[in-house]
Amino acid sequence: MASTLLLGGCFHDDDDSSGQGEAVNEQLFPANGTLKATIRRTTNGVPHVLADNLKSAAFGAGYAQTEDNVCYLAEAIVKARSERSKYFGPGPGDINIINDFSFKAQGILSGAQSEFATLSAPSRALIEGFTEGYNKYVAETDPADLPAECRSQPWVKLIAPEDLFAHYRVVGQYASGALFATGAVFLAVPPGESPAPQPVMPVTSLEKMDMLNSVVANARAGAGRIKNFQDMGLASNAWGIGKTMTEQGKGALLANPHFPYTGHRRLYQVQMTVPGYLNANGAGLLGTAIPLINFNENLGWSHTVTTSRRFTLYELTLKSGDDLVYIKDGKEKPITSESFQIEVFNGTPNPTILERSFYFSEYGPMLSANAVTSGGLPTWGASGTAYSYRDANAGTTRLLDSWLQMSRASTLTEFQDVFRNCGTTFWTNSTYADDQGNAFYIDSSSVPNLSPAALAVIDFKRGASAAYNQLFNAGLTLLDGNTSRDDWVEGQCDGLVPYEDKPKLLRSDWVQNSNDSYWSTNPSQPLTGYSPLFGPEETQLGPRTRLGISMLENPLSTGPVSPGAPVPAGQDGKFGAEDLINVIYNNRAWYADQFLVELRARCASIGATPVNLPGGGSRTVDQACGVLQSWDGVYNTDSIGAHVYRVFIGHYRNSFTNDLTVGFDPASPVSTPSTPSPTNAGTADDVMLQALAEGLEALDSVGIAYNTTLGSVQYYQPSGGALPGLAGGSLSGGTPVAQGVSFPWHGGDGGIDGTFNAIGVVTDGFAEDTRFPRLAPTVVADTAGLSTAAGQGWQMARGTSWHFGLEFTGDGPEAYGLISYSQSTDASSPYFNDQSLRYSEKDYRQLLFKESDIQANLLPQGEVVITQ
């Protein structure tokens, strides 16, 4: 509550009134109570919402987004309400039961219901308005006319604002509590108690579910599946370009989130305009009532997933003889419990009702640390200990306030004030540029604020205990729950690191982040000395970061192996909006820049002599070598040889540690590590040639030619069209189908290929975060996702999504970009794959901002006015 009030202080008109029982703030709420919004759709269906007040603008945005994505939004609400089991059955591996119970224990819905009244008036206006827009579309649409994924389903229904807010709590915990909702919270019970849920009598069809014996084993598998608790499976590139490096002498921005093409983490573009109050154009995750990666008249920003930590584990010392009491500062503390129930569809009209008790410390839910660490920590009570955690993003009262105030800021100081007043972007960095030529970076995520004494103990334990350091490197910060020394320092931001202690950098040339640590934001001014909970310092950089910095430091260079690629900046070495979108589209790859010349030389040496395969046998590589000699060095759809280099580097990267002779040097973070060993170079035992031979074996196994274009074996194929469960009354769900044509797809895997334009294969059979089935490949190891099916190649389903280049000019912001997978998830919509074709053809569009441009580009339906 205190933080919410502090945030409200950034802009004095934000919290004047809730519109209920007081004089109405007409910038936030309609004076007469009637919501009214004008929706203008322009090229590719982008909605530009105009309204007289914030709630009405959110109403229009909610209506437009629901029109394009109703099934996905409805399923997100089912998830947030812990009702997947009720509508979809136990789910594969009982995941619906495990999630539903875990989200109840984490207070996803109950917390939203209790927190909602404490939200600021602007946040309530946004959530209430979006909810009304969603409900209007649902109420007006015949259930039989909904897309196939949710047609005539009972779970597509009217929602409450608290339901939408609960969805935000799920989103806020993507990098924290959600990691424990796959089994770790579910399994946490004291000794002698089973974590299996119990049926509430009477049970009419338990024998049909066969769940109670399997759910515990499935929870253990789910909890142990996560090995790195800092890896969200998300990535991004972002550059802020300052006045000394731009064509206009103002700021410019490259925004390039690498997010899933499916599920709730899809990004949706909208412009929201409330004259005199808000005018922002950008995209947000599905369901968010305001765009999250935005620009306005004066400034813009993008986000990248940070290396920071958003939770801490606590080891509790139990009272002797009592597993439900722990000792802290010499005093007894209770471990409390609460029981929850869920409904589970079992194939009959009468659902099974299951019940479980969950346990809590003062920090939050208890955890099965043994399951989380695959035995690295003991079970509850085994060593006189038990484990709990505190989540920095368990509460989300700051969420919409932060992005609204960022969107309303007109200067760097106002933008920074959002974070000075404890604003947070939960699990991302923010990279910024403005019309004054400032380039600014900040780790704006929620990071626990630990005392110097607690941080000193962490540092000591990491040095003294290999086991403790292994946990820390896996993203688990284990603290002592028996002393208040390790409590978070509450301070002004309720236990989170305040603005002055966050990594940040302001420059007039450039700042950047591609998911590596903040320390290398600009290597000419390294950032060091911050809490280790923000991430490591002076550590090796990933290939996207190295390539990005290389292009920023050498804006007129095409790179050593791709002379046909465009230079990063214009011919004057300065960046403009179209230069920045083309930086993404140049499809250069760091590992090609680093190793292709050497590989070509070794290819020439070996000729047609067979190369020894590491697993036995031998083969020639000369045909593939011939292709690589003429490869253009980039990952364009017409590039011949890119996929051959991919399977090479997918294997060779496993040898980096042993084969590269120049180790990492923090004084030269871009150029190191480097230099393959000359041992056996050009012979049958050459490590590089052996990696190429292994890669060729993979291509041969699925019948893919070496001399084909990348676009013929790498593509985006939308799929779905199936219910998440209950198809034909079954528990298994429907059968997904290919939805429309596939598209040749440019770019490459950011980690394996080392491409800046990062895309990738997803092997999960469900759309991200959902229970919607999708077509998914099984893949060959060390190939960046090559399908095991003959001739199928690489089916891309994540990566470059909402992306743009922006510059500020004397005539306002000018931006170009796309949403690669398009605006809508409805296969019958004209906006389902129209931008996918544009991405495939590198046909970016202008991101319209000015009213005159909007009016000049209206689609035939023109302006639609909606009221409620």
# chains A, B, ... in the order shown; residues from 1 in each chain; ligands from 1
$ closest_atom_pairs --of "range 567-678 of chain A" --to "range 782-791 of chain A" --cutoff "7 Å" --atoms "only C-alpha atoms" --output "Markdown table"
| residue | atom | partner | partner_atom | distance |
| --- | --- | --- | --- | --- |
| A:Arg646 | CA | A:Thr783 | CA | 6.7 |
| A:Val647 | CA | A:Thr783 | CA | 4.9 |
| A:Gly650 | CA | A:Asp782 | CA | 4.8 |
| A:His651 | CA | A:Asp782 | CA | 5.6 |
$ write_last_selection --atoms "C-alpha atoms" --output "PDB file, in the first residue's frame"
ATOM      1  CA  ARG A 646      24.282 -24.446 -37.735  1.00  0.00           C
ATOM      2  CA  VAL A 647      24.738 -28.178 -37.257  1.00  0.00           C
ATOM      3  CA  GLY A 650      25.750 -26.923 -32.554  1.00  0.00           C
ATOM      4  CA  HIS A 651      28.355 -29.624 -32.035  1.00  0.00           C
TER       5      HIS A 651
END
$ select_by_dssp --residues "range 245-456 of chain A" --states "alpha helix (DSSP H)" --output "ChimeraX atom specification"
/A:369-372,399-408,412-420,452-456
$ write_last_selection --atoms "C-alpha atoms" --output "PDB file, in the first residue's frame"
ATOM      1  CA  ALA A 369      13.663 -28.301  -1.378  1.00  0.00           C
ATOM      2  CA  ASN A 370      14.611 -31.928  -1.994  1.00  0.00           C
ATOM      3  CA  ALA A 371      12.451 -31.982  -5.136  1.00  0.00           C
ATOM      4  CA  VAL A 372      13.687 -28.584  -6.316  1.00  0.00           C
ATOM      5  CA  LEU A 399       2.475  -3.212 -12.174  1.00  0.00           C
ATOM      6  CA  LEU A 400       0.202  -0.934 -14.143  1.00  0.00           C
ATOM      7  CA  ASP A 401       1.243   2.198 -12.259  1.00  0.00           C
ATOM      8  CA  SER A 402       4.819   1.665 -13.395  1.00  0.00           C
ATOM      9  CA  TRP A 403       4.019   1.313 -17.083  1.00  0.00           C
ATOM     10  CA  LEU A 404       1.374   4.018 -17.094  1.00  0.00           C
ATOM     11  CA  GLN A 405       3.760   6.509 -15.567  1.00  0.00           C
ATOM     12  CA  MET A 406       6.560   5.447 -17.920  1.00  0.00           C
ATOM     13  CA  SER A 407       4.128   5.990 -20.807  1.00  0.00           C
ATOM     14  CA  ARG A 408       3.144   9.436 -19.501  1.00  0.00           C
ATOM     15  CA  LEU A 412      14.363  11.405 -18.560  1.00  0.00           C
ATOM     16  CA  THR A 413      13.847  12.686 -15.020  1.00  0.00           C
ATOM     17  CA  GLU A 414      10.153  11.766 -15.057  1.00  0.00           C
ATOM     18  CA  PHE A 415      11.008   8.337 -16.438  1.00  0.00           C
ATOM     19  CA  GLN A 416      13.615   7.803 -13.718  1.00  0.00           C
ATOM     20  CA  ASP A 417      11.159   9.042 -11.076  1.00  0.00           C
ATOM     21  CA  VAL A 418       9.006   5.978 -11.702  1.00  0.00           C
ATOM     22  CA  PHE A 419      11.817   3.838 -10.306  1.00  0.00           C
ATOM     23  CA  ARG A 420      12.883   6.357  -7.685  1.00  0.00           C
ATOM     24  CA  PRO A 452      25.698  -5.932   3.757  1.00  0.00           C
ATOM     25  CA  ALA A 453      26.038  -8.559   6.484  1.00  0.00           C
ATOM     26  CA  ALA A 454      23.736 -10.991   4.667  1.00  0.00           C
ATOM     27  CA  LEU A 455      25.564 -10.403   1.374  1.00  0.00           C
ATOM     28  CA  ALA A 456      28.902 -10.995   3.105  1.00  0.00           C
TER      29      ALA A 456
END
$ closest_residue --among "A:Asn69, A:Gln269, A:Ser674, A:Asn421" --to "Thr657 in chain A" --atoms "only C-alpha atoms"
A:Ser674
$ residues_around --residues "range 46-50 of chain A" --least-positions-apart "5" --cutoff "6 Å" --atoms "only C-alpha atoms" --output "VMD selection string"
chain A and resid 37 to 41 270 to 273
$ write_last_selection --atoms "all heavy atoms" --output "mmCIF file, in the first residue's frame"
data_model
loop_
_atom_site.group_PDB
_atom_site.id
_atom_site.type_symbol
_atom_site.label_atom_id
_atom_site.label_comp_id
_atom_site.auth_asym_id
_atom_site.auth_seq_id
_atom_site.Cartn_x
_atom_site.Cartn_y
_atom_site.Cartn_z
ATOM 1 N N ALA A 37 -15.344 4.570 -26.396
ATOM 2 C CA ALA A 37 -14.033 4.565 -27.037
ATOM 3 C C ALA A 37 -14.199 4.465 -28.534
ATOM 4 O O ALA A 37 -15.130 3.811 -29.031
ATOM 5 C CB ALA A 37 -13.195 3.396 -26.524
ATOM 6 N N THR A 38 -13.299 5.112 -29.258
ATOM 7 C CA THR A 38 -13.261 5.022 -30.704
ATOM 8 C C THR A 38 -12.053 4.176 -31.089
ATOM 9 O O THR A 38 -10.919 4.489 -30.708
ATOM 10 C CB THR A 38 -13.148 6.404 -31.348
ATOM 11 O OG1 THR A 38 -14.256 7.200 -30.951
ATOM 12 C CG2 THR A 38 -13.131 6.295 -32.861
ATOM 13 N N ILE A 39 -12.315 3.086 -31.826
ATOM 14 C CA ILE A 39 -11.253 2.174 -32.250
ATOM 15 C C ILE A 39 -11.029 2.382 -33.739
ATOM 16 O O ILE A 39 -11.933 2.187 -34.550
ATOM 17 C CB ILE A 39 -11.628 0.710 -31.964
ATOM 18 C CG1 ILE A 39 -11.914 0.510 -30.469
ATOM 19 C CG2 ILE A 39 -10.512 -0.224 -32.427
ATOM 20 C CD1 ILE A 39 -12.481 -0.847 -30.133
ATOM 21 N N ARG A 40 -9.822 2.828 -34.093
ATOM 22 C CA ARG A 40 -9.453 3.015 -35.499
ATOM 23 C C ARG A 40 -8.417 1.954 -35.838
ATOM 24 O O ARG A 40 -7.334 1.944 -35.271
ATOM 25 C CB ARG A 40 -8.861 4.406 -35.734
ATOM 26 C CG ARG A 40 -9.846 5.565 -35.518
ATOM 27 C CD ARG A 40 -9.912 6.030 -34.065
ATOM 28 N NE ARG A 40 -8.647 6.385 -33.483
ATOM 29 C CZ ARG A 40 -8.009 7.561 -33.693
ATOM 30 N NH1 ARG A 40 -8.565 8.487 -34.465
ATOM 31 N NH2 ARG A 40 -6.861 7.825 -33.099
ATOM 32 N N ARG A 41 -8.727 1.043 -36.738
ATOM 33 C CA ARG A 41 -7.751 0.028 -37.136
ATOM 34 C C ARG A 41 -7.040 0.490 -38.415
ATOM 35 O O ARG A 41 -7.671 0.918 -39.367
ATOM 36 C CB ARG A 41 -8.414 -1.316 -37.361
ATOM 37 C CG ARG A 41 -8.868 -1.990 -36.044
ATOM 38 C CD ARG A 41 -8.995 -3.470 -36.230
ATOM 39 N NE ARG A 41 -9.540 -4.153 -35.061
ATOM 40 C CZ ARG A 41 -8.881 -5.027 -34.316
ATOM 41 N NH1 ARG A 41 -7.617 -5.314 -34.604
ATOM 42 N NH2 ARG A 41 -9.459 -5.620 -33.301
ATOM 43 N N VAL A 270 -0.989 -1.837 -29.663
ATOM 44 C CA VAL A 270 -2.113 -0.915 -29.578
ATOM 45 C C VAL A 270 -1.562 0.487 -29.310
ATOM 46 O O VAL A 270 -0.516 0.638 -28.680
ATOM 47 C CB VAL A 270 -3.092 -1.330 -28.453
ATOM 48 C CG1 VAL A 270 -2.420 -1.257 -27.081
ATOM 49 C CG2 VAL A 270 -4.355 -0.480 -28.457
ATOM 50 N N GLN A 271 -2.250 1.487 -29.820
ATOM 51 C CA GLN A 271 -1.985 2.865 -29.418
ATOM 52 C C GLN A 271 -3.164 3.330 -28.589
ATOM 53 O O GLN A 271 -4.323 3.165 -28.984
ATOM 54 C CB GLN A 271 -1.803 3.787 -30.616
ATOM 55 C CG GLN A 271 -1.486 5.239 -30.208
ATOM 56 C CD GLN A 271 -1.167 6.124 -31.400
ATOM 57 O OE1 GLN A 271 -1.216 5.694 -32.548
ATOM 58 N NE2 GLN A 271 -0.832 7.384 -31.129
ATOM 59 N N MET A 272 -2.884 3.893 -27.417
ATOM 60 C CA MET A 272 -3.921 4.408 -26.522
ATOM 61 C C MET A 272 -3.741 5.904 -26.370
ATOM 62 O O MET A 272 -2.655 6.367 -26.006
ATOM 63 C CB MET A 272 -3.858 3.706 -25.161
ATOM 64 C CG MET A 272 -4.145 2.213 -25.238
ATOM 65 S SD MET A 272 -3.891 1.341 -23.653
ATOM 66 C CE MET A 272 -5.169 2.101 -22.639
ATOM 67 N N THR A 273 -4.814 6.649 -26.653
ATOM 68 C CA THR A 273 -4.746 8.109 -26.598
ATOM 69 C C THR A 273 -5.891 8.655 -25.770
ATOM 70 O O THR A 273 -7.069 8.393 -26.059
ATOM 71 C CB THR A 273 -4.816 8.710 -28.015
ATOM 72 O OG1 THR A 273 -3.766 8.170 -28.814
ATOM 73 C CG2 THR A 273 -4.684 10.222 -27.958
#
$ residues_around --residues "Ile819 in chain A" --least-positions-apart "4" --cutoff "8 Å" --atoms "only C-alpha atoms" --output "list in words"
Leu267, Tyr268, Gln269, Ser801, Trp802, His803, Gln823, Gln835 and Ser836 of chain A
$ residues_around --residues "Phe648 in chain A" --least-positions-apart "6" --cutoff "6 Å" --atoms "only C-alpha atoms" --output "PyMOL selection string"
chain A and resi 691-692+695
$ residues_around --residues "range 490-497 of chain A" --least-positions-apart "5" --cutoff "9 Å" --atoms "only C-alpha atoms" --output "ChimeraX atom specification"
/A:2-3,392,421-423,446-450,502
$ residues_around --residues "Leu723 in chain A" --least-positions-apart "5" --cutoff "8 Å" --atoms "only C-alpha atoms" --output "mmCIF file with N, CA and C atoms, in the first residue's frame"
data_model
loop_
_atom_site.group_PDB
_atom_site.id
_atom_site.type_symbol
_atom_site.label_atom_id
_atom_site.label_comp_id
_atom_site.auth_asym_id
_atom_site.auth_seq_id
_atom_site.Cartn_x
_atom_site.Cartn_y
_atom_site.Cartn_z
ATOM 1 N N ALA A 148 -12.157 -21.991 -33.028
ATOM 2 C CA ALA A 148 -12.255 -23.416 -32.721
ATOM 3 C C ALA A 148 -11.696 -23.758 -31.343
ATOM 4 N N GLU A 149 -10.673 -23.014 -30.880
ATOM 5 C CA GLU A 149 -10.034 -23.336 -29.599
ATOM 6 C C GLU A 149 -10.956 -23.151 -28.400
ATOM 7 N N CYS A 150 -12.023 -22.390 -28.558
ATOM 8 C CA CYS A 150 -12.908 -22.165 -27.407
ATOM 9 C C CYS A 150 -14.376 -22.091 -27.806
ATOM 10 N N GLY A 733 -8.161 -33.628 -24.740
ATOM 11 C CA GLY A 733 -8.138 -32.441 -25.570
ATOM 12 C C GLY A 733 -8.275 -32.791 -27.035
ATOM 13 N N GLY A 734 -8.234 -31.768 -27.879
ATOM 14 C CA GLY A 734 -8.404 -31.979 -29.303
ATOM 15 C C GLY A 734 -7.088 -32.246 -30.005
ATOM 16 N N THR A 735 -7.170 -32.410 -31.308
ATOM 17 C CA THR A 735 -5.994 -32.679 -32.133
ATOM 18 C C THR A 735 -5.632 -31.412 -32.894
ATOM 19 N N PHE A 772 -3.600 -25.240 -24.735
ATOM 20 C CA PHE A 772 -3.998 -25.400 -26.127
ATOM 21 C C PHE A 772 -2.973 -26.275 -26.851
ATOM 22 N N PRO A 773 -3.382 -27.413 -27.413
ATOM 23 C CA PRO A 773 -2.425 -28.263 -28.138
ATOM 24 C C PRO A 773 -1.903 -27.567 -29.395
#
